[in-house]
$ cat final.txt   # compact mmCIF, C-alpha atoms
# COMPACT_ATOMS: atom_id res chain seq x y z
CA ASP V 1 -94.16 65.80 -14.83
CA TRP V 2 -94.45 63.89 -11.55
CA THR V 3 -90.75 63.07 -11.58
CA GLU V 4 -89.86 66.73 -12.00
CA ALA V 5 -92.35 67.81 -9.32
CA VAL V 6 -91.01 65.30 -6.79
CA LEU V 7 -87.40 66.21 -7.61
CA GLU V 8 -88.04 69.91 -7.02
CA ALA V 9 -90.03 69.29 -3.82
CA LEU V 10 -87.29 67.04 -2.46
CA ARG V 11 -84.62 69.56 -3.45
CA THR V 12 -86.52 72.24 -1.50
CA ALA V 13 -86.98 69.92 1.50
CA VAL V 14 -83.26 69.11 1.64
CA ARG V 15 -82.29 72.77 1.21
CA ARG V 16 -84.59 73.82 4.07
CA ARG V 17 -82.92 71.35 6.41
CA MET V 18 -79.44 72.71 5.72
CA VAL V 19 -80.29 75.96 7.50
CA ALA V 20 -78.23 75.86 10.70
CA ASP V 21 -75.56 77.70 12.64
CA VAL V 22 -73.40 74.55 12.53
CA PRO V 23 -72.35 72.10 9.78
CA VAL V 24 -75.03 69.57 8.78
CA GLY V 25 -74.02 65.99 7.93
CA VAL V 26 -75.91 63.04 6.40
CA LEU V 27 -76.53 59.50 7.66
CA LEU V 28 -75.56 57.65 4.48
CA SER V 29 -76.67 54.01 4.34
CA GLY V 30 -76.04 53.75 0.61
CA GLY V 31 -79.72 53.18 -0.12
CA LEU V 32 -81.80 55.26 -2.50
CA ASP V 33 -83.20 57.66 0.12
CA SER V 34 -80.04 58.80 1.89
CA SER V 35 -78.14 58.78 -1.41
CA LEU V 36 -80.66 61.21 -2.91
CA ILE V 37 -80.06 63.60 -0.01
CA VAL V 38 -76.30 63.51 -0.62
CA ALA V 39 -76.67 64.01 -4.38
CA LEU V 40 -79.02 66.97 -4.00
CA LEU V 41 -76.76 68.62 -1.43
CA ALA V 42 -73.86 68.21 -3.85
CA ASP V 43 -76.02 69.87 -6.51
CA GLU V 44 -76.54 72.74 -4.08
CA GLY V 45 -72.78 73.23 -3.97
CA GLN V 46 -72.08 71.66 -0.57
CA CYS V 47 -68.36 70.87 -0.30
CA ASP V 48 -66.74 68.45 2.12
CA LEU V 49 -70.16 67.22 3.25
CA ALA V 50 -69.71 64.93 6.27
CA THR V 51 -71.38 61.52 5.70
CA PHE V 52 -71.60 58.60 8.13
CA SER V 53 -72.18 54.86 7.70
CA VAL V 54 -72.25 51.98 10.18
CA GLY V 55 -71.70 48.27 9.62
CA PHE V 56 -71.57 45.18 11.80
CA GLU V 57 -69.61 41.97 12.01
CA SER V 58 -71.19 39.16 9.97
CA GLU V 59 -73.11 36.46 11.86
CA GLY V 60 -75.07 33.41 10.77
CA GLY V 61 -73.83 33.79 7.21
CA GLU V 62 -75.40 37.27 6.93
CA GLU V 63 -73.36 40.29 5.92
CA GLY V 64 -73.56 43.16 8.38
CA ASP V 65 -72.79 46.16 6.22
CA GLU V 66 -73.66 47.89 2.96
CA PHE V 67 -70.40 49.79 2.68
CA HIS V 68 -70.07 49.00 -1.04
CA TYR V 69 -72.89 51.42 -1.83
CA SER V 70 -72.11 54.11 0.75
CA ASP V 71 -68.44 54.10 -0.35
CA LEU V 72 -69.57 54.42 -3.96
CA MET V 73 -71.66 57.48 -3.08
CA ALA V 74 -68.88 59.04 -1.00
CA ARG V 75 -66.42 58.72 -3.89
CA ARG V 76 -68.90 59.94 -6.50
CA PHE V 77 -69.79 63.11 -4.61
CA GLY V 78 -66.52 63.71 -2.77
CA THR V 79 -67.91 63.61 0.76
CA ASP V 80 -65.91 63.60 3.97
CA HIS V 81 -66.94 60.02 4.72
CA HIS V 82 -66.81 58.30 8.12
CA GLN V 83 -67.22 54.54 8.36
CA LEU V 84 -67.93 52.73 11.63
CA ILE V 85 -67.58 48.93 11.84
CA VAL V 86 -68.94 47.35 15.04
CA PRO V 87 -67.82 43.90 16.28
CA SER V 88 -70.52 41.62 17.72
CA ASP V 89 -69.29 41.90 21.31
CA ARG V 90 -69.65 45.69 21.10
CA VAL V 91 -73.36 45.27 20.22
CA SER V 92 -74.10 43.58 23.54
CA GLN V 93 -72.18 46.28 25.42
CA ALA V 94 -74.02 49.06 23.58
CA LEU V 95 -77.40 47.49 24.22
CA GLU V 96 -77.66 48.96 27.73
CA GLY V 97 -77.27 52.54 26.58
CA ALA V 98 -79.71 52.08 23.71
CA VAL V 99 -82.37 50.59 25.97
CA GLN V 100 -81.86 53.39 28.49
CA ALA V 101 -82.52 55.90 25.70
CA MET V 102 -85.79 54.24 24.62
CA SER V 103 -88.91 56.10 25.67
CA GLU V 104 -90.76 52.80 25.19
CA PRO V 105 -89.73 49.24 24.18
CA MET V 106 -88.40 49.21 20.60
CA THR V 107 -87.74 45.75 19.19
CA SER V 108 -86.38 46.69 15.76
CA HIS V 109 -82.91 45.21 15.28
CA ASP V 110 -81.48 48.53 14.14
CA VAL V 111 -82.10 50.50 17.35
CA VAL V 112 -78.66 49.63 18.71
CA ALA V 113 -77.17 50.51 15.32
CA PHE V 114 -78.64 54.01 15.40
CA HIS V 115 -77.48 54.51 18.98
CA LEU V 116 -73.92 53.47 18.19
CA LEU V 117 -73.85 55.52 15.00
CA SER V 118 -75.25 58.58 16.77
CA GLU V 119 -72.54 58.34 19.43
CA GLN V 120 -69.83 58.58 16.76
CA VAL V 121 -71.59 61.16 14.59
CA ALA V 122 -72.13 63.51 17.56
CA LYS V 123 -68.35 63.75 17.92
CA GLU V 124 -68.15 65.31 14.44
CA VAL V 125 -71.41 67.24 13.86
CA LYS V 126 -74.52 68.20 15.82
CA VAL V 127 -77.11 68.09 13.02
CA VAL V 128 -77.68 65.42 10.35
CA GLN V 129 -80.18 64.68 7.62
CA SER V 130 -81.66 61.19 7.43
CA GLY V 131 -83.69 59.29 4.83
CA GLN V 132 -86.38 58.13 7.26
CA GLY V 133 -89.97 58.15 6.00
CA ALA V 134 -89.45 57.65 2.27
CA ASP V 135 -90.79 54.08 2.27
CA GLU V 136 -94.05 55.06 3.95
CA VAL V 137 -94.56 58.23 1.93
CA PHE V 138 -93.63 56.76 -1.48
CA ALA V 139 -94.89 53.16 -0.98
CA GLY V 140 -91.56 51.36 -0.79
CA TYR V 141 -92.44 48.34 1.36
CA HIS V 142 -93.23 44.90 -0.04
CA TRP V 143 -96.80 44.80 1.26
CA TYR V 144 -98.02 47.83 -0.70
CA PRO V 145 -98.49 45.99 -4.04
CA GLU V 146 -100.47 43.33 -2.17
CA MET V 147 -102.68 46.02 -0.62
CA ALA V 148 -103.26 47.58 -4.04
CA ARG V 149 -104.81 44.33 -5.29
CA VAL V 150 -107.52 43.98 -2.62
CA PRO V 151 -110.96 45.66 -2.55
CA ARG V 152 -111.48 48.55 -0.15
CA HIS V 153 -113.68 46.55 2.25
CA ARG V 154 -110.86 44.04 2.80
CA ALA V 155 -108.26 46.66 3.73
CA ALA V 156 -108.05 45.81 7.44
CA ALA V 157 -107.94 42.04 6.90
CA ALA V 158 -105.31 42.34 4.15
CA TYR V 159 -103.20 44.65 6.30
CA ALA V 160 -103.22 42.14 9.15
CA GLU V 161 -102.27 39.32 6.78
CA THR V 162 -99.32 41.16 5.25
CA TYR V 163 -98.06 43.37 8.09
CA PHE V 164 -98.75 41.80 11.49
CA ASP V 165 -95.84 39.90 13.02
CA ARG V 166 -98.15 37.32 14.57
CA PRO V 167 -101.91 36.81 14.91
CA HIS V 168 -103.64 37.51 18.21
CA ALA V 169 -104.18 33.76 18.76
CA HIS V 170 -100.41 33.29 19.14
CA LEU V 171 -100.41 35.45 22.27
CA ALA V 172 -102.13 32.66 24.20
CA ARG V 173 -99.01 30.52 23.71
CA MET V 174 -96.69 33.34 24.71
CA LEU V 175 -98.29 35.29 27.54
CA ASP V 176 -99.27 34.31 31.04
CA PRO V 177 -103.10 34.18 31.24
CA SER V 178 -103.07 36.98 33.82
CA VAL V 179 -101.78 39.51 31.24
CA LEU V 180 -103.47 38.10 28.12
CA PRO V 181 -105.86 40.63 26.52
CA GLY V 182 -109.37 39.31 26.21
CA HIS V 183 -109.77 40.59 22.66
CA ASP V 184 -107.68 41.34 19.56
CA VAL V 185 -106.42 44.82 20.53
CA SER V 186 -104.19 45.34 17.47
CA GLY V 187 -106.82 44.04 15.07
CA ASP V 188 -109.49 46.31 16.57
CA PHE V 189 -107.17 49.32 16.25
CA VAL V 190 -106.47 48.65 12.57
CA ARG V 191 -110.10 47.93 11.74
CA ALA V 192 -111.20 51.21 13.33
CA HIS V 193 -108.53 53.22 11.50
CA MET V 194 -109.24 51.59 8.14
CA ALA V 195 -112.97 52.27 8.51
CA VAL V 196 -112.51 56.05 8.71
CA PRO V 197 -113.82 57.75 5.52
CA GLY V 198 -111.52 59.61 3.15
CA ALA V 199 -109.39 56.81 1.71
CA GLU V 200 -110.92 55.53 -1.52
CA THR V 201 -108.78 52.39 -1.93
CA ALA V 202 -107.24 49.79 0.36
CA LEU V 203 -103.79 51.11 -0.57
CA ASP V 204 -104.77 54.68 0.34
CA ALA V 205 -106.09 53.46 3.71
CA ASP V 206 -102.85 51.56 4.30
CA LEU V 207 -100.63 54.53 3.43
CA ARG V 208 -102.73 56.75 5.68
CA LEU V 209 -102.31 54.36 8.60
CA ASP V 210 -98.57 53.97 7.98
CA THR V 211 -97.86 57.70 7.69
CA HIS V 212 -100.18 58.86 10.48
CA VAL V 213 -99.47 56.11 13.03
CA MET V 214 -96.86 53.46 12.26
CA MET V 215 -94.14 55.77 10.97
CA VAL V 216 -94.57 58.21 13.84
CA ASP V 217 -94.56 55.52 16.53
CA ASP V 218 -91.74 53.40 15.11
CA PRO V 219 -88.97 54.65 12.78
CA VAL V 220 -89.29 58.37 13.55
CA LYS V 221 -89.49 57.88 17.31
CA ARG V 222 -86.67 55.33 17.17
CA VAL V 223 -84.25 57.63 15.36
CA ASP V 224 -85.29 60.60 17.51
CA ASN V 225 -84.65 58.71 20.76
CA MET V 226 -81.29 57.34 19.66
CA THR V 227 -79.91 60.57 18.19
CA MET V 228 -81.12 62.93 20.91
CA ASP V 229 -79.51 60.73 23.58
CA TRP V 230 -76.18 62.02 22.23
CA GLY V 231 -77.35 65.59 21.62
CA LEU V 232 -77.58 64.96 17.89
CA GLU V 233 -80.45 66.49 15.90
CA ALA V 234 -81.75 64.35 13.01
CA ARG V 235 -83.73 66.13 10.30
CA VAL V 236 -85.94 64.19 7.88
CA PRO V 237 -86.51 65.89 4.50
CA PHE V 238 -88.81 63.10 3.27
CA LEU V 239 -91.30 64.23 5.93
CA ASP V 240 -91.35 67.83 4.71
CA HIS V 241 -95.04 68.71 4.75
CA GLU V 242 -95.15 69.93 1.15
CA LEU V 243 -93.32 66.84 -0.12
CA VAL V 244 -95.68 64.54 1.82
CA GLU V 245 -98.73 66.35 0.44
CA LEU V 246 -97.34 65.99 -3.08
CA ALA V 247 -96.66 62.28 -2.56
CA ALA V 248 -100.17 61.74 -1.22
CA ALA V 249 -101.59 63.19 -4.45
CA CYS V 250 -99.27 61.16 -6.68
CA PRO V 251 -101.06 58.36 -8.62
CA PRO V 252 -100.55 55.01 -6.82
CA GLY V 253 -99.26 53.35 -9.97
CA LEU V 254 -96.31 55.72 -10.11
CA LYS V 255 -95.40 55.00 -6.48
CA LEU V 256 -95.78 51.21 -6.89
CA ALA V 257 -93.79 51.05 -10.14
CA ASP V 258 -90.31 49.51 -10.27
CA GLY V 259 -90.96 47.34 -7.22
CA GLY V 260 -91.93 50.32 -5.07
CA LYS V 261 -90.98 54.01 -4.87
CA GLY V 262 -91.13 54.13 -8.67
CA VAL V 263 -91.38 57.90 -8.93
CA LEU V 264 -88.51 58.31 -6.44
CA LYS V 265 -86.36 55.88 -8.44
CA ALA V 266 -87.11 57.95 -11.54
CA VAL V 267 -85.79 60.98 -9.64
CA GLY V 268 -82.74 58.94 -8.63
CA ARG V 269 -81.89 58.07 -12.23
CA GLN V 270 -81.42 61.76 -12.92
CA VAL V 271 -78.85 62.36 -10.17
CA LEU V 272 -77.48 59.01 -8.91
CA PRO V 273 -75.37 56.12 -10.24
CA ARG V 274 -77.68 53.45 -11.69
CA GLU V 275 -76.07 50.87 -9.42
CA VAL V 276 -77.49 52.66 -6.37
CA VAL V 277 -80.97 53.14 -7.87
CA ASP V 278 -81.36 49.58 -9.17
CA ARG V 279 -79.85 47.74 -6.21
CA PRO V 280 -81.99 45.34 -4.14
CA LYS V 281 -83.83 47.04 -1.30
CA GLY V 282 -81.57 47.13 1.77
CA TYR V 283 -82.11 47.60 5.47
CA PHE V 284 -80.04 48.25 8.57
CA PRO V 285 -78.62 44.76 9.22
CA VAL V 286 -77.51 43.88 12.74
CA PRO V 287 -76.63 40.17 12.44
CA ALA V 288 -75.48 39.88 16.08
CA ILE V 289 -79.08 40.50 17.18
CA LYS V 290 -80.93 38.73 14.39
CA HIS V 291 -78.83 35.59 14.82
CA MET V 292 -78.22 35.87 18.57
CA ALA V 293 -74.42 36.08 18.60
CA GLY V 294 -72.77 34.78 21.79
CA PRO V 295 -72.42 38.03 23.76
CA VAL V 296 -75.97 39.13 22.88
CA LEU V 297 -77.40 35.73 23.79
CA GLN V 298 -75.64 35.83 27.15
CA ARG V 299 -77.27 39.18 27.95
CA VAL V 300 -80.66 37.84 26.84
CA ARG V 301 -80.33 34.76 29.07
CA GLU V 302 -79.39 36.94 32.04
CA ALA V 303 -82.44 39.16 31.57
CA LEU V 304 -84.94 36.35 31.13
CA SER V 305 -83.64 34.35 34.09
CA ALA V 306 -83.36 37.36 36.43
CA PRO V 307 -85.51 37.36 39.59
CA GLU V 308 -87.39 40.39 38.26
CA ALA V 309 -88.42 38.50 35.11
CA ARG V 310 -89.61 35.49 37.08
CA ALA V 311 -91.52 37.67 39.53
CA ARG V 312 -93.11 39.64 36.71
CA GLY V 313 -94.21 36.49 34.90
CA LEU V 314 -95.27 38.15 31.66
CA PHE V 315 -94.43 35.16 29.48
CA ARG V 316 -95.19 31.48 29.88
CA ARG V 317 -92.01 29.84 31.14
CA SER V 318 -92.43 26.95 28.70
CA TYR V 319 -92.46 29.43 25.81
CA VAL V 320 -89.31 31.23 27.01
CA ASP V 321 -87.52 27.90 27.50
CA GLU V 322 -88.50 26.85 23.99
CA LEU V 323 -86.97 30.05 22.56
CA LEU V 324 -83.80 29.74 24.62
CA ALA V 325 -83.32 26.13 23.54
CA ALA V 326 -82.99 27.26 19.91
CA PRO V 327 -82.21 31.01 19.99
CA ASP V 328 -81.84 31.48 16.23
CA ALA V 329 -84.64 29.16 15.10
CA HIS V 330 -87.79 31.07 16.02
CA ARG V 331 -88.85 33.80 13.62
CA THR V 332 -91.91 35.98 13.55
CA LYS V 333 -93.94 36.20 10.37
CA ARG V 334 -91.86 39.16 9.17
CA GLY V 335 -88.52 37.52 9.95
CA ALA V 336 -87.64 39.10 13.30
CA ASN V 337 -86.01 37.02 16.01
CA ALA V 338 -88.82 36.04 18.42
CA LEU V 339 -86.42 35.61 21.34
CA TRP V 340 -85.08 39.14 20.84
CA GLN V 341 -88.57 40.63 21.01
CA VAL V 342 -89.34 38.84 24.28
CA ALA V 343 -85.96 39.70 25.80
CA LEU V 344 -86.02 43.35 24.73
CA LEU V 345 -89.28 43.96 26.57
CA GLU V 346 -87.89 42.40 29.74
CA ILE V 347 -84.54 44.23 29.46
CA TRP V 348 -86.39 47.55 28.97
CA LEU V 349 -88.59 46.97 32.03
CA GLN V 350 -85.57 46.07 34.18
CA THR V 351 -83.48 48.99 32.88
CA HIS V 352 -86.21 51.50 33.68
CA GLU V 353 -87.01 49.79 36.99
CA ILE V 354 -90.65 49.20 36.12
CA HIS V 355 -92.26 46.59 38.36

$ encode --input "final.txt" --output "structure tokens"
Amino acid sequence: DWTEAVLEALRTAVRRRMVADVPVGVLLSGGLDSSLIVALLADEGQCDLATFSVGFESEGGEEGDEFHYSDLMARRFGTDHHQLIVPSDRVSQALEGAVQAMSEPMTSHDVVAFHLLSEQVAKEVKVVQSGQGADEVFAGYHWYPEMARVPRHRAAAAYAETYFDRPHAHLARMLDPSVLPGHDVSGDFVRAHMAVPGAETALDADLRLDTHVMMVDDPVKRVDNMTMDWGLEARVPFLDHELVELAAACPPGLKLADGGKGVLKAVGRQVLPREVVDRPKGYFPVPAIKHMAGPVLQRVREALSAPEARARGLFRRSYVDELLAAPDAHRTKRGANALWQVALLEIWLQTHEIH
């Protein structure tokens, strides 16, 4: 029953977002979420649907595209598919435009990817549907099963352990004492949010925080900034209010099943190739940033050694030097490149002439 209910709600959400005076395309990564959008549009009788995928040159032994899956979907549903492959030196060139489009610093590796993809997509269509939000709404991230196992009173502590990139204590190593917060700002924020009544379990409290705060301030804002910079409108059917309300009422076990998004995978098995549904969870890989390819590293060094950076003095110089000495060696708890996060903040401040 839940599978059928979610399928119909998603079908309605996708149909609603096809209403436009111009053709509507789809950002097709080849993952479950964007593939579901394509399949349901095909069911609606959409012909010659324009789909778009982006991939990057491999770096550090890491593949930079998931074209196998997006190509599979394009063939299966007969879409008018556009594939963009980006060499590593193009990433460093595109960085300036992406940072200029950011309303605030955004350290996720895929920001540049969305900006580059949006530039190309805007040449073909002016409206696209995107799979953003499905992981938060249907419990697709790896930390949700961990949150489901802890008692309600440990929700904030468990969230910090599984989600935070680094503990507050690490900031003392990174930041100049003049800008170091005197208390754990992030921890206090999460503890206050988790303490609000209405969520009966730690998982419910986590999903509430992720859908109300984290999703809005990170992936949704990121895609909105990058697409609108090129005059491209991105619509997100997984954030349709009726679909979100349905997902919130769905039993947690059904969402956590199958390694996450269980009920959504059950929907997928009705309309998608099994290879797409049962594939390992993907992401938007940008190896040139994650592994600090030459052109990107050069831009990072320029920013961190600029007079503005030295005058600003946000970070301890010893910490920056340590990162620059081994650009690909320092990872945050969740696997992000620590040097990139430091550099992105400084590049954003310089780009927007904030002193």

$ atom_distance --input "final.txt" --atom1 "CA of Lys126 in chain V" --atom2 "CA of Val111 in chain V"
19.3 Å

$ atom_distance --input "final.txt" --atom1 "CA of Phe114 in chain V" --atom2 "CA of Val54 in chain V"
8.5 Å

$ residues_near_point --input "final.txt" --point "(-84.4, 30.2, 24.6)" --cutoff "12 Å" --atoms "all atoms listed in the file" --output "ChimeraX atom specification"
/V:292,297-305,317-330,337-343

$ write_last_selection --input "final.txt" --atoms "C-alpha atoms" --output "compact mmCIF listing (two decimals), in the frame of the given file"
# COMPACT_ATOMS: atom_id res chain seq x y z
CA MET V 292 -78.22 35.87 18.57
CA LEU V 297 -77.40 35.73 23.79
CA GLN V 298 -75.64 35.83 27.15
CA ARG V 299 -77.27 39.18 27.95
CA VAL V 300 -80.66 37.84 26.84
CA ARG V 301 -80.33 34.76 29.07
CA GLU V 302 -79.39 36.94 32.04
CA ALA V 303 -82.44 39.16 31.57
CA LEU V 304 -84.94 36.35 31.13
CA SER V 305 -83.64 34.35 34.09
CA ARG V 317 -92.01 29.84 31.14
CA SER V 318 -92.43 26.95 28.70
CA TYR V 319 -92.46 29.43 25.81
CA VAL V 320 -89.31 31.23 27.01
CA ASP V 321 -87.52 27.90 27.50
CA GLU V 322 -88.50 26.85 23.99
CA LEU V 323 -86.97 30.05 22.56
CA LEU V 324 -83.80 29.74 24.62
CA ALA V 325 -83.32 26.13 23.54
CA ALA V 326 -82.99 27.26 19.91
CA PRO V 327 -82.21 31.01 19.99
CA ASP V 328 -81.84 31.48 16.23
CA ALA V 329 -84.64 29.16 15.10
CA HIS V 330 -87.79 31.07 16.02
CA ASN V 337 -86.01 37.02 16.01
CA ALA V 338 -88.82 36.04 18.42
CA LEU V 339 -86.42 35.61 21.34
CA TRP V 340 -85.08 39.14 20.84
CA GLN V 341 -88.57 40.63 21.01
CA VAL V 342 -89.34 38.84 24.28
CA ALA V 343 -85.96 39.70 25.80

$ atom_distance --input "final.txt" --atom1 "CA of Arg149 in chain V" --atom2 "CA of Val244 in chain V"
23.3 Å

$ residues_around --input "final.txt" --residues "range 181-191 of chain V" --least-positions-apart "5" --cutoff "10 Å" --atoms "only C-alpha atoms" --output "PyMOL selection string"
chain V and resi 154-157+159-160+164+167-169+171-172+175+196+206+209

$ write_last_selection --input "final.txt" --atoms "C-alpha atoms" --output "short mmCIF file (atom, residue, chain, number, x, y, z; two decimals), in the frame of the given file"
data_model
loop_
_atom_site.label_atom_id
_atom_site.label_comp_id
_atom_site.auth_asym_id
_atom_site.auth_seq_id
_atom_site.Cartn_x
_atom_site.Cartn_y
_atom_site.Cartn_z
CA ARG V 154 -110.86 44.04 2.80
CA ALA V 155 -108.26 46.66 3.73
CA ALA V 156 -108.05 45.81 7.44
CA ALA V 157 -107.94 42.04 6.90
CA TYR V 159 -103.20 44.65 6.30
CA ALA V 160 -103.22 42.14 9.15
CA PHE V 164 -98.75 41.80 11.49
CA PRO V 167 -101.91 36.81 14.91
CA HIS V 168 -103.64 37.51 18.21
CA ALA V 169 -104.18 33.76 18.76
CA LEU V 171 -100.41 35.45 22.27
CA ALA V 172 -102.13 32.66 24.20
CA LEU V 175 -98.29 35.29 27.54
CA VAL V 196 -112.51 56.05 8.71
CA ASP V 206 -102.85 51.56 4.30
CA LEU V 209 -102.31 54.36 8.60
#

$ residues_around --input "final.txt" --residues "Ser103 in chain V" --least-positions-apart "5" --cutoff "9 Å" --atoms "only C-alpha atoms" --output "CSV table (one decimal) with C-alpha atoms, in the frame of the given file"
chain,number,residue,atom,x,y,z
V,221,LYS,CA,-89.5,57.9,17.3
V,222,ARG,CA,-86.7,55.3,17.2
V,225,ASN,CA,-84.6,58.7,20.8

$ residues_near_point --input "final.txt" --point "(-100.5, 33.4, 27.5)" --cutoff "8 Å" --atoms "only C-alpha atoms" --output "MDAnalysis selection string"
chainID V and resid 171:180 315:316

$ residues_around --input "final.txt" --residues "Ser34 in chain V" --least-positions-apart "2" --cutoff "12 Å" --atoms "all atoms listed in the file" --output "ChimeraX atom specification"
/V:10,14,25-32,36-41,51-53,69-70,73-74,128-135,235-238,264,268,272,276-277,282-283

$ closest_atom_pairs --input "final.txt" --of "range 101-153 of chain V" --to "range 248-254 of chain V" --cutoff "9 Å" --atoms "all atoms listed in the file" --output "JSON lines"
{"residue": "V:Val137", "atom": "CA", "partner": "V:Ala248", "partner_atom": "CA", "distance": 7.3}
{"residue": "V:Phe138", "atom": "CA", "partner": "V:Ala248", "partner_atom": "CA", "distance": 8.2}
{"residue": "V:Ala139", "atom": "CA", "partner": "V:Pro252", "partner_atom": "CA", "distance": 8.3}
{"residue": "V:Ala148", "atom": "CA", "partner": "V:Pro252", "partner_atom": "CA", "distance": 8.4}

$ residues_around --input "final.txt" --residues "Leu232 in chain V" --least-positions-apart "5" --cutoff "6 Å" --atoms "all atoms listed in the file" --output "PyMOL selection string"
chain V and resi 122+126-127+227

$ closest_residue --input "final.txt" --among "V:Gln350, V:Gly78, V:Tyr141, V:Arg279" --to "Pro307 in chain V" --atoms "all atoms listed in the file"
V:Gln350

$ closest_residue --input "final.txt" --among "V:Ser118, V:Ser88, V:Gln83, V:Thr162" --to "Asp224 in chain V" --atoms "only C-alpha atoms"
V:Ser118

$ closest_residue --input "final.txt" --among "V:Tyr144, V:Met226, V:Pro105, V:Gly294" --to "Ile354 in chain V" --atoms "all atoms listed in the file"
V:Pro105

$ closest_residue --input "final.txt" --among "V:Arg152, V:Asp110, V:His81, V:Asp43" --to "Arg15 in chain V" --atoms "only C-alpha atoms"
V:Asp43

$ residues_around --input "final.txt" --residues "Ser92 in chain V" --least-positions-apart "3" --cutoff "8 Å" --atoms "all atoms listed in the file" --output "ChimeraX atom specification"
/V:88-89,95-96,295-296,299

$ closest_residue --input "final.txt" --among "V:Arg274, V:His109, V:His355, V:Lys281" --to "Glu308 in chain V" --atoms "all atoms listed in the file"
V:His355
